[in-house]
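File shown here: coords_21.txt, holding compact mmCIF, N, CA and C atoms.
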# COMPACT_ATOMS: atom_id res chain seq x y z
N ALA A 26 5.11 10.94 30.67
CA ALA A 26 5.27 11.09 29.23
C ALA A 26 6.58 10.45 28.80
N GLN A 27 6.55 9.82 27.62
CA GLN A 27 7.76 9.20 27.10
C GLN A 27 8.52 10.21 26.27
N ASN A 28 9.83 10.23 26.46
CA ASN A 28 10.68 11.13 25.69
C ASN A 28 11.04 10.48 24.37
N PRO A 29 11.26 11.29 23.33
CA PRO A 29 11.71 10.72 22.06
C PRO A 29 13.11 10.14 22.22
N THR A 30 13.44 9.21 21.33
CA THR A 30 14.74 8.56 21.37
C THR A 30 15.47 8.83 20.08
N ILE A 31 16.77 9.12 20.19
CA ILE A 31 17.62 9.30 19.01
C ILE A 31 18.81 8.36 19.17
N LEU A 32 19.03 7.50 18.17
CA LEU A 32 20.13 6.55 18.18
C LEU A 32 21.01 6.84 16.99
N ARG A 33 22.32 7.00 17.23
CA ARG A 33 23.27 7.26 16.15
C ARG A 33 24.26 6.11 16.10
N LYS A 34 24.54 5.59 14.91
CA LYS A 34 25.45 4.46 14.76
C LYS A 34 26.28 4.65 13.51
N LYS A 35 27.57 4.32 13.61
CA LYS A 35 28.44 4.37 12.43
C LYS A 35 28.03 3.28 11.46
N ALA A 36 28.05 3.63 10.19
CA ALA A 36 27.70 2.68 9.13
C ALA A 36 28.65 2.91 7.97
N GLY A 37 29.66 2.07 7.86
CA GLY A 37 30.65 2.26 6.80
C GLY A 37 31.41 3.55 7.01
N LYS A 38 31.42 4.42 6.00
CA LYS A 38 32.09 5.71 6.10
C LYS A 38 31.17 6.80 6.62
N GLY A 39 29.92 6.46 6.87
CA GLY A 39 28.95 7.45 7.33
C GLY A 39 28.34 7.04 8.65
N GLN A 40 27.15 7.53 8.87
CA GLN A 40 26.43 7.19 10.09
C GLN A 40 24.94 7.12 9.80
N SER A 41 24.22 6.42 10.64
CA SER A 41 22.78 6.37 10.50
C SER A 41 22.14 6.90 11.77
N LEU A 42 20.97 7.48 11.62
CA LEU A 42 20.22 8.00 12.75
C LEU A 42 18.85 7.35 12.79
N LEU A 43 18.42 6.97 13.99
CA LEU A 43 17.06 6.48 14.19
C LEU A 43 16.40 7.42 15.18
N VAL A 44 15.29 8.01 14.77
CA VAL A 44 14.54 8.90 15.63
C VAL A 44 13.19 8.25 15.88
N ALA A 45 12.84 8.06 17.15
CA ALA A 45 11.58 7.39 17.49
C ALA A 45 10.89 8.13 18.62
N GLY A 46 9.59 8.07 18.60
CA GLY A 46 8.80 8.68 19.65
C GLY A 46 7.42 8.10 19.64
N LYS A 47 6.66 8.37 20.67
CA LYS A 47 5.31 7.81 20.77
C LYS A 47 4.36 8.42 19.75
N THR A 48 4.49 9.71 19.48
CA THR A 48 3.64 10.38 18.50
C THR A 48 4.50 11.25 17.61
N LEU A 49 3.96 11.55 16.44
CA LEU A 49 4.67 12.44 15.53
C LEU A 49 4.46 13.89 15.94
N PRO A 50 5.47 14.72 15.75
CA PRO A 50 5.29 16.14 16.08
C PRO A 50 4.33 16.79 15.10
N VAL A 51 4.04 18.05 15.33
CA VAL A 51 3.11 18.79 14.48
C VAL A 51 3.55 18.73 13.02
N ALA A 52 4.84 18.73 12.78
CA ALA A 52 5.37 18.71 11.41
C ALA A 52 5.42 17.28 10.88
N ALA A 53 4.29 16.56 10.92
CA ALA A 53 4.24 15.16 10.50
C ALA A 53 4.64 15.00 9.04
N GLU A 54 4.35 15.99 8.21
CA GLU A 54 4.72 15.91 6.79
C GLU A 54 6.23 15.80 6.64
N PHE A 55 6.98 16.51 7.48
CA PHE A 55 8.45 16.43 7.45
C PHE A 55 8.89 14.99 7.69
N TRP A 56 8.32 14.35 8.73
CA TRP A 56 8.71 12.98 9.06
C TRP A 56 8.28 12.02 7.97
N SER A 57 7.11 12.23 7.40
CA SER A 57 6.64 11.38 6.32
C SER A 57 7.58 11.48 5.12
N ASP A 58 7.98 12.70 4.77
CA ASP A 58 8.92 12.90 3.66
C ASP A 58 10.27 12.28 3.97
N LEU A 59 10.72 12.37 5.22
CA LEU A 59 12.00 11.78 5.62
C LEU A 59 11.95 10.26 5.49
N ILE A 60 10.85 9.65 5.89
CA ILE A 60 10.69 8.21 5.76
C ILE A 60 10.73 7.80 4.29
N LYS A 61 10.04 8.54 3.43
CA LYS A 61 10.05 8.23 2.00
C LYS A 61 11.44 8.36 1.42
N LEU A 62 12.20 9.38 1.87
CA LEU A 62 13.56 9.57 1.39
C LEU A 62 14.45 8.41 1.83
N ALA A 63 14.32 8.00 3.08
CA ALA A 63 15.16 6.94 3.62
C ALA A 63 14.77 5.55 3.12
N LEU A 64 13.48 5.27 3.05
CA LEU A 64 13.01 3.93 2.72
C LEU A 64 12.45 3.79 1.32
N GLY A 65 12.17 4.92 0.66
CA GLY A 65 11.57 4.88 -0.66
C GLY A 65 10.06 4.99 -0.59
N GLU A 66 9.46 5.12 -1.74
CA GLU A 66 8.00 5.24 -1.83
C GLU A 66 7.37 3.90 -1.46
N PRO A 67 6.29 3.90 -0.66
CA PRO A 67 5.67 2.62 -0.31
C PRO A 67 5.07 1.94 -1.54
N SER A 68 5.11 0.60 -1.54
CA SER A 68 4.56 -0.17 -2.66
C SER A 68 3.07 0.03 -2.78
N TYR A 69 2.38 0.08 -1.66
CA TYR A 69 0.95 0.35 -1.68
C TYR A 69 0.59 1.12 -0.42
N VAL A 70 -0.50 1.86 -0.49
CA VAL A 70 -0.96 2.63 0.65
C VAL A 70 -2.42 2.28 0.89
N VAL A 71 -2.74 1.94 2.15
CA VAL A 71 -4.11 1.67 2.58
C VAL A 71 -4.28 2.28 3.97
N SER A 72 -5.51 2.34 4.44
CA SER A 72 -5.74 2.86 5.79
C SER A 72 -5.14 1.91 6.82
N ALA A 73 -4.89 2.42 8.01
CA ALA A 73 -4.31 1.61 9.09
C ALA A 73 -5.23 0.44 9.43
N ALA A 74 -6.54 0.69 9.45
CA ALA A 74 -7.49 -0.38 9.77
C ALA A 74 -7.44 -1.49 8.72
N HIS A 75 -7.34 -1.11 7.45
CA HIS A 75 -7.28 -2.12 6.39
C HIS A 75 -5.93 -2.83 6.39
N ALA A 76 -4.87 -2.13 6.78
CA ALA A 76 -3.55 -2.78 6.86
C ALA A 76 -3.56 -3.88 7.92
N ARG A 77 -4.33 -3.69 8.99
CA ARG A 77 -4.44 -4.72 10.02
C ARG A 77 -5.33 -5.88 9.59
N ARG A 78 -6.39 -5.58 8.85
CA ARG A 78 -7.38 -6.61 8.50
C ARG A 78 -7.00 -7.43 7.27
N PHE A 79 -6.38 -6.81 6.28
CA PHE A 79 -6.14 -7.47 5.00
C PHE A 79 -4.68 -7.82 4.80
N ARG A 80 -4.42 -8.80 3.94
CA ARG A 80 -3.08 -9.16 3.50
C ARG A 80 -3.01 -8.82 2.03
N PHE A 81 -1.82 -8.35 1.58
CA PHE A 81 -1.64 -7.90 0.21
C PHE A 81 -0.45 -8.62 -0.40
N ILE A 82 -0.65 -9.19 -1.58
CA ILE A 82 0.43 -9.83 -2.33
C ILE A 82 0.46 -9.18 -3.70
N PHE A 83 1.58 -8.57 -4.04
CA PHE A 83 1.72 -7.84 -5.30
C PHE A 83 2.86 -8.49 -6.07
N THR A 84 2.57 -9.04 -7.26
CA THR A 84 3.57 -9.79 -7.99
C THR A 84 3.40 -9.58 -9.49
N GLN A 85 4.27 -10.21 -10.26
CA GLN A 85 4.17 -10.15 -11.72
C GLN A 85 3.93 -11.55 -12.24
N VAL A 86 2.98 -11.67 -13.16
CA VAL A 86 2.68 -12.94 -13.81
C VAL A 86 2.71 -12.67 -15.31
N GLY A 87 3.70 -13.21 -15.98
CA GLY A 87 3.86 -12.92 -17.41
C GLY A 87 4.09 -11.43 -17.59
N SER A 88 3.30 -10.79 -18.44
CA SER A 88 3.44 -9.35 -18.68
C SER A 88 2.53 -8.51 -17.79
N ALA A 89 1.75 -9.17 -16.94
CA ALA A 89 0.79 -8.45 -16.08
C ALA A 89 1.32 -8.33 -14.65
N ARG A 90 0.90 -7.28 -13.96
CA ARG A 90 1.13 -7.16 -12.51
C ARG A 90 -0.16 -7.61 -11.85
N VAL A 91 -0.05 -8.37 -10.76
CA VAL A 91 -1.22 -8.95 -10.10
C VAL A 91 -1.19 -8.60 -8.62
N LEU A 92 -2.31 -8.09 -8.12
CA LEU A 92 -2.46 -7.73 -6.72
C LEU A 92 -3.57 -8.58 -6.12
N HIS A 93 -3.25 -9.33 -5.07
CA HIS A 93 -4.23 -10.11 -4.32
C HIS A 93 -4.51 -9.36 -3.03
N VAL A 94 -5.77 -9.10 -2.74
CA VAL A 94 -6.19 -8.48 -1.48
C VAL A 94 -7.00 -9.54 -0.74
N ILE A 95 -6.50 -9.97 0.42
CA ILE A 95 -7.07 -11.11 1.13
C ILE A 95 -7.54 -10.67 2.51
N ASP A 96 -8.80 -10.91 2.80
CA ASP A 96 -9.35 -10.57 4.11
C ASP A 96 -8.91 -11.63 5.10
N ALA A 97 -8.10 -11.24 6.08
CA ALA A 97 -7.57 -12.18 7.07
C ALA A 97 -8.53 -12.36 8.25
N ASN A 98 -9.62 -11.61 8.29
CA ASN A 98 -10.58 -11.69 9.40
C ASN A 98 -11.91 -12.26 8.94
N VAL A 99 -11.88 -13.43 8.35
CA VAL A 99 -13.10 -14.04 7.86
C VAL A 99 -13.76 -14.81 9.00
N PRO A 100 -14.94 -14.36 9.45
CA PRO A 100 -15.63 -15.08 10.54
C PRO A 100 -16.26 -16.36 10.00
N PRO A 101 -16.61 -17.29 10.90
CA PRO A 101 -17.20 -18.55 10.44
C PRO A 101 -18.58 -18.39 9.79
N ALA A 102 -19.28 -17.30 10.10
CA ALA A 102 -20.62 -17.09 9.51
C ALA A 102 -20.87 -15.60 9.34
N ASN A 103 -21.84 -15.28 8.50
CA ASN A 103 -22.27 -13.89 8.28
C ASN A 103 -21.14 -12.96 7.86
N TYR A 104 -20.37 -13.38 6.89
CA TYR A 104 -19.26 -12.56 6.40
C TYR A 104 -19.80 -11.29 5.74
N GLN A 105 -19.22 -10.15 6.07
CA GLN A 105 -19.59 -8.87 5.49
C GLN A 105 -18.38 -8.27 4.77
N PRO A 106 -18.35 -8.30 3.43
CA PRO A 106 -17.22 -7.70 2.72
C PRO A 106 -17.23 -6.18 2.87
N VAL A 107 -16.04 -5.59 2.81
CA VAL A 107 -15.91 -4.13 2.86
C VAL A 107 -15.02 -3.69 1.69
N SER A 108 -15.21 -2.46 1.28
CA SER A 108 -14.39 -1.89 0.21
C SER A 108 -13.05 -1.43 0.78
N VAL A 109 -12.00 -1.64 0.00
CA VAL A 109 -10.65 -1.25 0.39
C VAL A 109 -10.14 -0.24 -0.63
N GLU A 110 -9.86 0.98 -0.16
CA GLU A 110 -9.27 2.00 -1.02
C GLU A 110 -7.76 1.84 -0.99
N MET A 111 -7.16 1.79 -2.19
CA MET A 111 -5.72 1.55 -2.29
C MET A 111 -5.06 2.58 -3.19
N SER A 112 -3.75 2.69 -3.03
CA SER A 112 -2.95 3.58 -3.86
C SER A 112 -1.61 2.90 -4.14
N LEU A 113 -1.21 2.90 -5.41
CA LEU A 113 0.07 2.33 -5.84
C LEU A 113 0.87 3.40 -6.58
N PRO A 114 2.20 3.38 -6.51
CA PRO A 114 2.99 4.32 -7.30
C PRO A 114 2.79 4.05 -8.79
N ALA A 115 2.50 5.07 -9.58
CA ALA A 115 2.28 4.90 -11.01
C ALA A 115 3.51 4.30 -11.69
N ARG A 116 4.70 4.69 -11.24
CA ARG A 116 5.93 4.17 -11.85
C ARG A 116 6.05 2.66 -11.67
N GLN A 117 5.46 2.13 -10.61
CA GLN A 117 5.53 0.70 -10.35
C GLN A 117 4.67 -0.09 -11.34
N LEU A 118 3.62 0.54 -11.84
CA LEU A 118 2.76 -0.12 -12.82
C LEU A 118 3.24 0.10 -14.24
N GLY A 119 4.06 1.13 -14.45
CA GLY A 119 4.56 1.40 -15.79
C GLY A 119 3.43 1.72 -16.75
N GLU A 120 3.42 1.05 -17.88
CA GLU A 120 2.40 1.29 -18.92
C GLU A 120 1.10 0.54 -18.65
N ARG A 121 1.02 -0.16 -17.54
CA ARG A 121 -0.19 -0.94 -17.25
C ARG A 121 -1.30 0.01 -16.82
N ASN A 122 -2.15 0.36 -17.77
CA ASN A 122 -3.18 1.36 -17.48
C ASN A 122 -4.60 0.79 -17.55
N HIS A 123 -4.70 -0.52 -17.45
CA HIS A 123 -6.00 -1.18 -17.50
C HIS A 123 -6.01 -2.25 -16.42
N ALA A 124 -7.06 -2.28 -15.60
CA ALA A 124 -7.13 -3.26 -14.52
C ALA A 124 -8.48 -3.96 -14.54
N THR A 125 -8.44 -5.26 -14.29
CA THR A 125 -9.67 -6.06 -14.20
C THR A 125 -9.60 -6.96 -12.97
N LEU A 126 -10.78 -7.38 -12.52
CA LEU A 126 -10.86 -8.34 -11.43
C LEU A 126 -10.77 -9.74 -12.03
N ALA A 127 -9.85 -10.54 -11.51
CA ALA A 127 -9.72 -11.92 -11.98
C ALA A 127 -11.00 -12.67 -11.65
N GLY A 128 -11.39 -13.54 -12.52
CA GLY A 128 -12.62 -14.31 -12.30
C GLY A 128 -13.80 -13.70 -13.02
N SER A 129 -14.10 -12.43 -12.73
CA SER A 129 -15.26 -11.78 -13.36
C SER A 129 -14.87 -11.01 -14.62
N GLY A 130 -13.64 -10.52 -14.67
CA GLY A 130 -13.22 -9.69 -15.80
C GLY A 130 -13.75 -8.27 -15.71
N ASP A 131 -14.45 -7.92 -14.62
CA ASP A 131 -14.97 -6.56 -14.44
C ASP A 131 -13.82 -5.56 -14.36
N ALA A 132 -14.01 -4.41 -15.00
CA ALA A 132 -13.00 -3.36 -14.98
C ALA A 132 -12.91 -2.73 -13.59
N VAL A 133 -11.69 -2.40 -13.20
CA VAL A 133 -11.44 -1.66 -11.96
C VAL A 133 -11.09 -0.24 -12.37
N LYS A 134 -11.84 0.73 -11.85
CA LYS A 134 -11.62 2.13 -12.20
C LYS A 134 -10.34 2.62 -11.55
N LEU A 135 -9.42 3.13 -12.39
CA LEU A 135 -8.14 3.66 -11.92
C LEU A 135 -8.15 5.18 -12.05
N ALA A 136 -7.62 5.86 -11.04
CA ALA A 136 -7.49 7.32 -11.08
C ALA A 136 -6.06 7.69 -10.72
N GLU A 137 -5.40 8.43 -11.61
CA GLU A 137 -4.01 8.83 -11.34
C GLU A 137 -3.98 10.23 -10.75
N LYS A 138 -3.22 10.39 -9.66
CA LYS A 138 -3.07 11.68 -9.00
C LYS A 138 -1.72 11.73 -8.30
N ASP A 139 -0.97 12.79 -8.54
CA ASP A 139 0.32 13.00 -7.88
C ASP A 139 1.25 11.80 -8.00
N GLY A 140 1.28 11.17 -9.17
CA GLY A 140 2.19 10.05 -9.39
C GLY A 140 1.75 8.74 -8.77
N ARG A 141 0.50 8.67 -8.34
CA ARG A 141 -0.03 7.44 -7.73
C ARG A 141 -1.31 7.02 -8.46
N ILE A 142 -1.58 5.74 -8.46
CA ILE A 142 -2.80 5.18 -9.04
C ILE A 142 -3.71 4.79 -7.88
N ASP A 143 -4.89 5.39 -7.82
CA ASP A 143 -5.86 5.10 -6.77
C ASP A 143 -6.99 4.25 -7.33
N PHE A 144 -7.48 3.31 -6.53
CA PHE A 144 -8.59 2.45 -6.94
C PHE A 144 -9.20 1.81 -5.69
N THR A 145 -10.35 1.19 -5.86
CA THR A 145 -11.06 0.54 -4.77
C THR A 145 -11.43 -0.88 -5.18
N VAL A 146 -11.23 -1.83 -4.27
CA VAL A 146 -11.65 -3.22 -4.49
C VAL A 146 -12.51 -3.65 -3.30
N ARG A 147 -13.27 -4.71 -3.51
CA ARG A 147 -14.15 -5.22 -2.46
C ARG A 147 -13.93 -6.73 -2.33
N PRO A 148 -12.92 -7.14 -1.55
CA PRO A 148 -12.65 -8.57 -1.39
C PRO A 148 -13.84 -9.30 -0.75
N ASP A 149 -14.10 -10.51 -1.24
CA ASP A 149 -15.24 -11.25 -0.71
C ASP A 149 -14.91 -12.73 -0.56
N PRO A 150 -13.98 -13.17 0.21
CA PRO A 150 -13.00 -12.47 1.03
C PRO A 150 -11.68 -12.18 0.31
N VAL A 151 -11.60 -12.52 -0.99
CA VAL A 151 -10.37 -12.27 -1.77
C VAL A 151 -10.74 -11.49 -3.02
N ALA A 152 -9.89 -10.55 -3.40
CA ALA A 152 -10.03 -9.87 -4.68
C ALA A 152 -8.66 -9.90 -5.35
N THR A 153 -8.64 -10.26 -6.62
CA THR A 153 -7.39 -10.28 -7.38
C THR A 153 -7.53 -9.31 -8.54
N VAL A 154 -6.65 -8.31 -8.55
CA VAL A 154 -6.67 -7.29 -9.59
C VAL A 154 -5.50 -7.54 -10.55
N VAL A 155 -5.81 -7.57 -11.84
CA VAL A 155 -4.78 -7.81 -12.86
C VAL A 155 -4.58 -6.51 -13.64
N PHE A 156 -3.36 -6.00 -13.61
CA PHE A 156 -3.00 -4.75 -14.30
C PHE A 156 -2.29 -5.13 -15.60
N ARG A 157 -2.81 -4.59 -16.74
CA ARG A 157 -2.24 -4.87 -18.06
C ARG A 157 -2.11 -3.57 -18.85
N ASN A 158 -1.43 -3.68 -20.00
CA ASN A 158 -1.33 -2.56 -20.93
C ASN A 158 -2.61 -2.41 -21.72
N GLY A 159 -2.93 -1.15 -22.06
CA GLY A 159 -3.94 -0.84 -23.06
C GLY A 159 -5.38 -1.11 -22.70
N GLN A 160 -6.20 -1.10 -23.77
CA GLN A 160 -7.64 -1.34 -23.80
C GLN A 160 -8.39 -0.22 -23.20

What would you get if you wrote out this structure as structure tokens?
Amino acid sequence: AQNPTILRKKAGKGQSLLVAGKTLPVAAEFWSDLIKLALGEPSYVVSAAHARRFRFIFTQVGSARVLHVIDANVPPANYQPVSVEMSLPARQLGERNHATLAGSGDAVKLAEKDGRIDFTVRPDPVATVVFRNGQ
């Protein structure tokens, strides 16, 4: 079994700690909260499998925020698109409460919960979501 590692280093007038281990202890919520405190809220949240398969580019174009979801595992034939469930911090979108798919203009259903905006896209092999104010 591998033992956890703790590294302490001076940083300016303070110190930093790095705690690492092979698995999270039972109190995983504590570690998750500590990571958010140290690193901030994640820009987007997806499943681990989707994080490995897809690439995400989140940027601003004019007054809109634009998210590109790109399938990096496109086979040469018989491509099968899959749905990707995503979550973004509501504060990051600000007043942008309307989302559409670029190209088709189809609305993307947004659901706000606990300060996050949840939605699902289906890249084929790319999906571009445009977040705007109103409508």

Residue nearest Ile95 of chain A among A:Lys35, A:His75, A:Arg80, A:His123 (counting only C-alpha atoms):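 Among the listed residues, the smallest separation from Ile95 of chain A belongs to A:Arg80.
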
Coordinates-based distance that separates atom CA of Ile142 of chain A from atom N of Arg116 of chain A (Å, one decimal): 7.8 Å

Straight-line distance linking atom CA of Val133 of chain A with atom CA of Tyr104 of chain A, stated in Å to one decimal: 22.7 Å

Protein/DNA/RNA residues near (-10.4, -0.2, -16.2), cut 12 Å, only C-alpha atoms, as a PyMOL selection string: chain A and resi 121-126+130-136+142-145+154-160

Atom-to-atom span, atom CA of Val94 of chain A and atom N of Phe81 of chain A, Å: 5.3 Å

From A:Arg78, A:Glu110, A:Glu137, A:Ala127, residue lying nearest Asp96 of chain A [all atoms listed in the file]: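 Nearest to Asp96 of chain A: A:Arg78.
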
A:Leu32, A:Leu59, A:Leu42, A:Val71 ranked by distance to Ser112 of chain A, top pick (using only N, CA and C atoms):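 For Ser112 of chain A, the nearest of the candidates is A:Val71.
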
Distance criterion (all atoms listed in the file): nearest to Lys138 of chain A out of A:Ala115, A:His93, A:Ser88, A:Ala152: A:Ala115

In segment 60-116 of chain A, DSSP strand (DSSP E or B) residues written as an MDAnalysis selection string: chainID A and resid 70 79:86 89:96 109:114

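You can rank A:Ser68, A:Ala97, A:Val146, A:Ala74 by their closest distance to Gln117 of chain A using all atoms listed in the file, and at the top of that list sits A:Ser68.
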
Top pick for closest residue to Ser108 of chain A, considering A:Pro148, A:Val91, A:Arg77, A:Ala36 and counting only C-alpha atoms: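 Among the listed residues, the smallest separation from Ser108 of chain A belongs to A:Pro148.
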